[in-house]
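Scroll down for the structure; my scribbles are underneath it.
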Amino acid sequence: MLIWKTWVPPTCKFFAWLAIQNQLWTADRLTARGWPNQQYCPLCRTTNESVIHLFAHYRYSKRIWEAIRSWTNGNFPSHEGWNNMDSGVQWWRTVGTSTGVPCKAVRSLTLTWKLWRERNARIFEHQHKSPTVLIAKINEEARLWCSAGAKRL
């Protein structure tokens with residue numbers, strides 16, 4: 001699978017593997033097991049939470065991806081059409097195999113787990129970051145990956 005050939009640390013690869021397998025403990029999975037949860041996305045509080053919502057459908061996430069597209073000078077796929085996707089694996093494969101962009105770099109950037117950590121901070125720590133702050137953290141993480149040897153990221 002393409003996850004294992006990215007420039008990200010093993011923890012991010014494992015996280016992405018869980019996300020693509022729909023094994024993250026989002027509200028939809030908790031509800032299916034009958035476990036208590038908030039049901040709604042902690043970022044928007046209006047839509048049922050799922051992996052695809054968190055990474056592709058939610059406007060906060062789209063702002064993150066659009067900012068990445070901006071600071072990579074268009075070398076990241078546009079989020080147009082993502083609302084039609086119904087699974088995390090479909091989203092990741094579509095984004096990771098887009099034509100006209102450096103695929104390994106794009107796949108690496110999508111594996112950042114900063115969105116997941118923001119979601120968890122909102123649930124467990126009652127802390128909120130603006131998209132601007134989260135984008136800066138993702139940018140810094142990408143710079144660290146580059147200094148560790150991730151060429152062309």
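Scheme for the structure tokens: letters A, B, ... for chains in order shown; per-chain residue numbers from 1; ligand numbers from 1 in order shown.
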Could you give me, as a compact mmCIF listing (two decimals) with C-alpha atoms, in the first residue's frame, the residues within 12 Å of Val89 of chain A, counting only C-alpha atoms and dropping anything in the same chain fewer than 4 positions from it?
# COMPACT_ATOMS: atom_id res chain seq x y z
CA MET A 1 0.00 0.00 0.00
CA LEU A 2 1.18 3.53 -0.76
CA ILE A 3 1.14 4.60 2.90
CA ALA A 16 -3.01 6.80 8.34
CA TRP A 17 -3.33 3.04 8.00
CA LEU A 18 -5.95 3.07 10.76
CA ALA A 19 -7.77 6.01 9.13
CA ILE A 20 -7.86 4.37 5.71
CA GLN A 21 -9.15 1.15 7.26
CA ASN A 22 -11.86 3.25 8.98
CA GLN A 23 -10.52 2.12 12.34
CA VAL A 51 -13.22 9.64 8.96
CA ILE A 52 -14.32 10.99 5.57
CA PHE A 55 -10.49 14.67 6.49
CA ALA A 56 -12.41 15.66 3.36
CA MET A 85 -16.41 10.74 -1.74
CA ARG A 93 -6.28 7.19 -3.14
CA THR A 94 -7.78 10.04 -5.16
CA VAL A 95 -5.59 12.67 -3.52
CA GLY A 96 -2.48 10.48 -3.50
CA THR A 97 -2.68 9.58 -7.19
CA THR A 110 -2.02 14.06 3.81
- Message: Could you go through chain A and tell me which residues DSSP, when run on the backbone, assigns to alpha helix (DSSP H), listing them as number ranges by chain?
- Response: A: 10-20, 27-32, 51-52, 59-71, 88-96, 103-110, 114-120, 131-147
- Message: My list of candidates is A:Ser87, A:Arg59, A:Trp71, A:Gly81. Which is closest to Arg143 of chain A when distances are computed with only C-alpha atoms?
- Response: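 Of all the options, A:Trp71 lies closest to Arg143 of chain A.
Here atom CA of Arg119 of chain A is placed at a distance of 23.0 Å from atom CA of Pro77 of chain A.
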- Query: For Ser61 of chain A, which of A:Val8, A:Ala142, A:Leu115, A:Cys44 is the closest residue, counting only C-alpha atoms?
  - Reply: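 Checking each of A:Val8, A:Ala142, A:Leu115, A:Cys44 against Ser61 of chain A, counting only C-alpha atoms, the winner is A:Leu115.
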Considering only C-alpha atoms, give me a table of residues in segment 12-50 of chain A that are at most 9 Å from segment 121-136 of chain A, with the closest atom pair and distance in Å for each, as a Markdown table.
| residue | atom | partner | partner_atom | distance |
| --- | --- | --- | --- | --- |
| A:Gln38 | CA | A:Ile123 | CA | 8.8 |
| A:Pro42 | CA | A:Arg122 | CA | 6.4 |
| A:Leu43 | CA | A:Arg122 | CA | 7.5 |
Write out, as a PDB file, in the first residue's frame, the residues just selected, with C-alpha atoms.
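Heads up, here's the output in selection-v9.pdb:
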ATOM      1  CA  GLN A  38     -20.721  13.143  21.279  1.00  0.00           C
ATOM      2  CA  PRO A  42     -16.121  18.212  17.469  1.00  0.00           C
ATOM      3  CA  LEU A  43     -14.916  20.664  14.827  1.00  0.00           C
TER       4      LEU A  43
END
